[in-house]
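Worksheet for the structure shown next.
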Amino acid sequence: MFRLDNHVLVHIFYWFGLVMAAFGFFTEISQRIIYLSSDFYLQLSMVSFLAAIALSRIEASK
């Protein structure tokens, strides 16, 4: 069984943030709204990166 701990969540949030940042960047450059506006994707990536940083600090303090 796959165990979902803080170390795995840090990697998940990091890669999710990278994908959302790239998606937001390319929707901003192309001036097309694919699903939502590029601002939403960029905000989602920032929140994801902050969550990854917070979880990595919690993991490091253990």
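Order determines the names: the first chain of the structure tokens is A, the second B, and so forth; residues in each chain are numbered 1 upward, and ligands are numbered 1 upward as they are shown.
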Among stretch 9-49 of chain A, which ones does DSSP assign to helix (DSSP H, G or I) (computed from the backbone)? Answer as an NGL selection string. :A and (9-30 or 38-49)
Which residues are close to A:Ser56, i.e. within 9 Å by only C-alpha atoms, leaving aside same-chain residues fewer than 3 positions away? Reply as number ranges by chain. A: 6-7, 9-10, 51-53, 59-61
Can you write just those residues out, C-alpha atoms, as a JSON list (two decimals), in the first residue's frame?
```json
[["chain", "number", "residue", "atom", "x", "y", "z"],
["A", 6, "ASN", "CA", 4.72, 14.75, 4.28],
["A", 7, "HIS", "CA", 7.71, 13.87, 2.11],
["A", 9, "LEU", "CA", 3.09, 15.55, -0.31],
["A", 10, "VAL", "CA", 5.97, 18.00, -0.71],
["A", 51, "ALA", "CA", 2.16, 24.46, 0.81],
["A", 52, "ALA", "CA", 5.25, 22.56, -0.38],
["A", 53, "ILE", "CA", 7.51, 24.96, 1.52],
["A", 59, "GLU", "CA", 9.34, 17.56, 7.69],
["A", 60, "ALA", "CA", 12.72, 19.16, 8.45],
["A", 61, "SER", "CA", 11.76, 20.00, 12.02]]
```
Excluding A:Phe13 and residues on its chain fewer than 5 positions from it, collect all residues at most 12 Å away from it, counting only C-alpha atoms, and give them as an mmCIF file with N, CA, C and O atoms, in the first residue's frame.
```cif
data_model
loop_
_atom_site.group_PDB
_atom_site.id
_atom_site.type_symbol
_atom_site.label_atom_id
_atom_site.label_comp_id
_atom_site.auth_asym_id
_atom_site.auth_seq_id
_atom_site.Cartn_x
_atom_site.Cartn_y
_atom_site.Cartn_z
ATOM 1 N N ASN A 6 4.351 13.377 4.637
ATOM 2 C CA ASN A 6 4.720 14.747 4.283
ATOM 3 C C ASN A 6 5.749 14.799 3.167
ATOM 4 O O ASN A 6 5.714 15.696 2.326
ATOM 5 N N HIS A 7 6.676 13.870 3.139
ATOM 6 C CA HIS A 7 7.706 13.868 2.106
ATOM 7 C C HIS A 7 7.099 13.699 0.713
ATOM 8 O O HIS A 7 7.484 14.386 -0.230
ATOM 9 N N VAL A 8 6.142 12.822 0.591
ATOM 10 C CA VAL A 8 5.474 12.603 -0.689
ATOM 11 C C VAL A 8 4.607 13.810 -1.044
ATOM 12 O O VAL A 8 4.573 14.244 -2.199
ATOM 13 N N LEU A 18 4.460 23.480 -10.382
ATOM 14 C CA LEU A 18 5.175 23.687 -11.643
ATOM 15 C C LEU A 18 4.244 23.554 -12.847
ATOM 16 O O LEU A 18 4.306 24.361 -13.782
ATOM 17 N N VAL A 19 3.395 22.561 -12.825
ATOM 18 C CA VAL A 19 2.466 22.350 -13.941
ATOM 19 C C VAL A 19 1.482 23.514 -14.039
ATOM 20 O O VAL A 19 1.228 24.037 -15.134
ATOM 21 N N MET A 20 0.945 23.958 -12.911
ATOM 22 C CA MET A 20 0.002 25.074 -12.931
ATOM 23 C C MET A 20 0.681 26.375 -13.349
ATOM 24 O O MET A 20 0.090 27.194 -14.053
ATOM 25 N N ALA A 21 1.939 26.577 -12.930
ATOM 26 C CA ALA A 21 2.668 27.776 -13.344
ATOM 27 C C ALA A 21 2.915 27.761 -14.847
ATOM 28 O O ALA A 21 2.763 28.791 -15.517
ATOM 29 N N LEU A 44 -2.966 29.532 -8.087
ATOM 30 C CA LEU A 44 -2.979 28.137 -7.655
ATOM 31 C C LEU A 44 -1.556 27.601 -7.529
ATOM 32 O O LEU A 44 -1.251 26.859 -6.586
ATOM 33 N N SER A 45 -0.677 27.973 -8.436
ATOM 34 C CA SER A 45 0.713 27.524 -8.345
ATOM 35 C C SER A 45 1.410 28.153 -7.150
ATOM 36 O O SER A 45 2.204 27.488 -6.477
ATOM 37 N N MET A 46 1.128 29.421 -6.853
ATOM 38 C CA MET A 46 1.739 30.059 -5.684
ATOM 39 C C MET A 46 1.301 29.393 -4.388
ATOM 40 O O MET A 46 2.124 29.144 -3.498
ATOM 41 N N VAL A 47 0.015 29.084 -4.286
ATOM 42 C CA VAL A 47 -0.492 28.402 -3.085
ATOM 43 C C VAL A 47 0.135 27.019 -2.969
ATOM 44 O O VAL A 47 0.502 26.575 -1.873
ATOM 45 N N SER A 48 0.296 26.336 -4.087
ATOM 46 C CA SER A 48 0.895 25.006 -4.073
ATOM 47 C C SER A 48 2.359 25.064 -3.641
ATOM 48 O O SER A 48 2.826 24.234 -2.862
ATOM 49 N N PHE A 49 3.101 26.053 -4.152
ATOM 50 C CA PHE A 49 4.498 26.209 -3.730
ATOM 51 C C PHE A 49 4.599 26.551 -2.247
ATOM 52 O O PHE A 49 5.477 26.044 -1.549
ATOM 53 N N LEU A 50 3.702 27.411 -1.748
ATOM 54 C CA LEU A 50 3.717 27.740 -0.323
ATOM 55 C C LEU A 50 3.396 26.523 0.535
ATOM 56 O O LEU A 50 3.980 26.332 1.607
ATOM 57 N N ALA A 51 2.482 25.690 0.071
ATOM 58 C CA ALA A 51 2.159 24.460 0.806
ATOM 59 C C ALA A 51 3.358 23.513 0.806
ATOM 60 O O ALA A 51 3.650 22.877 1.822
ATOM 61 N N ALA A 52 4.064 23.423 -0.317
ATOM 62 C CA ALA A 52 5.253 22.564 -0.376
ATOM 63 C C ALA A 52 6.334 23.074 0.560
ATOM 64 O O ALA A 52 6.992 22.283 1.248
ATOM 65 N N ILE A 53 6.515 24.390 0.620
ATOM 66 C CA ILE A 53 7.514 24.963 1.525
ATOM 67 C C ILE A 53 7.129 24.700 2.975
ATOM 68 O O ILE A 53 7.966 24.307 3.793
ATOM 69 N N ALA A 54 5.865 24.901 3.311
ATOM 70 C CA ALA A 54 5.408 24.679 4.686
ATOM 71 C C ALA A 54 5.568 23.223 5.095
ATOM 72 O O ALA A 54 6.045 22.925 6.204
ATOM 73 N N LEU A 55 5.197 22.312 4.224
ATOM 74 C CA LEU A 55 5.329 20.884 4.551
ATOM 75 C C LEU A 55 6.788 20.465 4.648
ATOM 76 O O LEU A 55 7.137 19.614 5.465
ATOM 77 N N SER A 56 7.651 21.051 3.819
ATOM 78 C CA SER A 56 9.068 20.693 3.913
ATOM 79 C C SER A 56 9.669 21.215 5.212
ATOM 80 O O SER A 56 10.559 20.570 5.783
#
```
Using only C-alpha atoms, which protein or nucleic acid residues come within 9 Å of A:Thr27? Drop anything in the same chain fewer than 6 positions from it, and give the result as a VMD selection string. chain A and resid 33 to 34 37 to 38
Any chance you can output those residues with N, CA and C atoms as a short mmCIF file (atom, residue, chain, number, x, y, z; two decimals), in the first residue's frame?
```
data_model
loop_
_atom_site.label_atom_id
_atom_site.label_comp_id
_atom_site.auth_asym_id
_atom_site.auth_seq_id
_atom_site.Cartn_x
_atom_site.Cartn_y
_atom_site.Cartn_z
N ILE A 33 -8.05 31.78 -23.18
CA ILE A 33 -8.55 31.19 -21.95
C ILE A 33 -8.99 29.77 -22.28
N ILE A 34 -8.24 28.79 -21.78
CA ILE A 34 -8.54 27.40 -22.08
C ILE A 34 -9.68 26.91 -21.19
N SER A 37 -8.98 31.64 -16.27
CA SER A 37 -8.01 32.68 -16.60
C SER A 37 -6.62 32.30 -16.08
N SER A 38 -5.62 32.90 -16.67
CA SER A 38 -4.24 32.58 -16.29
C SER A 38 -3.93 33.04 -14.87
#
```
